[in-house]
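Undergrad: Below is the structure I would like to discuss, written out as structure tokens.
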Amino acid sequence: MLKARRELFRKLSKEIRSKAVMAALESVPRERFVPPEVSHLAYQDKPLPIGADQTISQPFIVAIMTQALELQGNERVLEVGTGSGYQAAVLSLLVPRGHLITVERVPALKDKAKALLKALGYNNVTVELAGPTLGAPQHGPFDAIIVTAASPQIPDSLVSQLAVGGRLVIPVGTRENQELMRVLRTEEGISVRWLGPCRFVPLIGKEAFPER
Ligand code: SAH
């Protein structure tokens, strides 16, 4: 596993320019966020099953998305789709003077991630069960929002939870294939940049995909 770990970070550091993002990735024990039967695969650059038909994202995608948020350290950040809590742990290290709210719609995953993040000492994170409106409108506005599930569009309700100057990183497309988008909220509206193709499990909800 040590060898795989070294190899993974060597590969990532060729693509990821942010030293802070690389340091955060190297410090989070990914093997703790995956089920024991796949923990030997924790440092492969692959998504892995975490139960409830959901997956923990591939480290490269976590890195790209995190870097695109351009965090300085004091932001209020929202994650939609806590899953295992791994992405939340990485984000928490990048906002040591800020706060992360992460919401998850599957109660069992929420409970597990909440307990693990607490046990590992990620103290500037609040884990909540997702409500009927996407995101966490009662806690906004946010300086950065990351959505770790696939959305058919850029949801208006998430844009409205962004502060002016705030960044939203979200996979947009079909249930099967998406493009990673980085949305900047401006005084006038939004500006969008494409970051590349990706594959996520679907975001479920009113402005997203129906459950099936
Ligand atoms: N970021 C996670 C991976 C998330 S997988 C990690 O690091 O492990 C996507 C997650 O989004 C799943 O757990 C799924 O249940 C959740 N999800 C889907 N629709 C959602 C919604 N509307 N609100 C919150 N979470 C949602």
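We label chains A, B, ... in the order they appear in the structure tokens, count residues from 1 in each chain, and number ligands from 1 in the order shown.
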For range 153-165 of chain A, please output as a PyMOL selection string all residues within 6 Å (counting only C-alpha atoms; exclusion window: fewer than 4 positions along the same chain).
TA: chain A and resi 140-143+172+185-186
Undergrad: Generate a file of the selected residues that holds C-alpha atoms, formatted as an mmCIF file, in the first residue's frame.
TA:
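Output below, filename result-v3.cif:
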data_model
loop_
_atom_site.group_PDB
_atom_site.id
_atom_site.type_symbol
_atom_site.label_atom_id
_atom_site.label_comp_id
_atom_site.auth_asym_id
_atom_site.auth_seq_id
_atom_site.Cartn_x
_atom_site.Cartn_y
_atom_site.Cartn_z
ATOM 1 C CA GLY A 140 -25.838 30.244 2.928
ATOM 2 C CA PRO A 141 -24.477 32.229 1.246
ATOM 3 C CA PHE A 142 -21.284 30.236 0.590
ATOM 4 C CA ASP A 143 -17.946 31.302 -0.889
ATOM 5 C CA VAL A 172 -23.256 18.427 -15.406
ATOM 6 C CA ARG A 185 -21.055 33.978 -9.584
ATOM 7 C CA THR A 186 -20.614 37.586 -10.732
#
Undergrad: Give the residue list for ligand 1 at 7 Å, counting only C-alpha atoms and all ligand atoms, as an MDAnalysis selection string, sorted by chain and then by residue number.
TA: chainID A and resid 54:57 80:88 103:106 109 130 134:135 148:149 201:205
Undergrad: By how many Å are CA of Leu71 in chain A and CA of Arg199 in chain A apart?
TA: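 Calculated distance between CA of Leu71 in chain A and CA of Arg199 in chain A is 23.8 Å.
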Undergrad: Just the strand (DSSP E or B) stuff from range 34-201 of chain A, please, per backbone DSSP, written as a PyMOL selection string.
TA: chain A and resi 48-51+54-56+76-80+99-104+125-129+142-147+150-151+162-173+178-185+190-198
Undergrad: Go through A:Arg175, A:Arg182, A:Arg193, A:Lys110 and flag the residue nearest Pro210 in chain A, using only C-alpha atoms for the distances.
TA: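 The answer is A:Arg175, which sits nearest to Pro210 in chain A.
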Undergrad: Closest to Thr174 in chain A among A:Gln44, A:Thr66, A:Ser18, A:Ser151, using only C-alpha atoms?
TA: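 Looking at the shortest contact to Thr174 in chain A, the residue is A:Ser151.
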Undergrad: For Arg5 in chain A, find every residue with an atom within 12 Å (counting only C-alpha atoms), except residues of its own chain fewer than 6 positions away, and show them as a PyMOL selection string.
TA: chain A and resi 11-12+25-31+40-45+59
Undergrad: For Ser191 in chain A, which residue out of A:Ala108, A:Phe9, A:Val169, A:Glu37 is the nearest one, using only C-alpha atoms?
TA: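 Ranked by minimum distance to Ser191 in chain A, first place goes to A:Val169.
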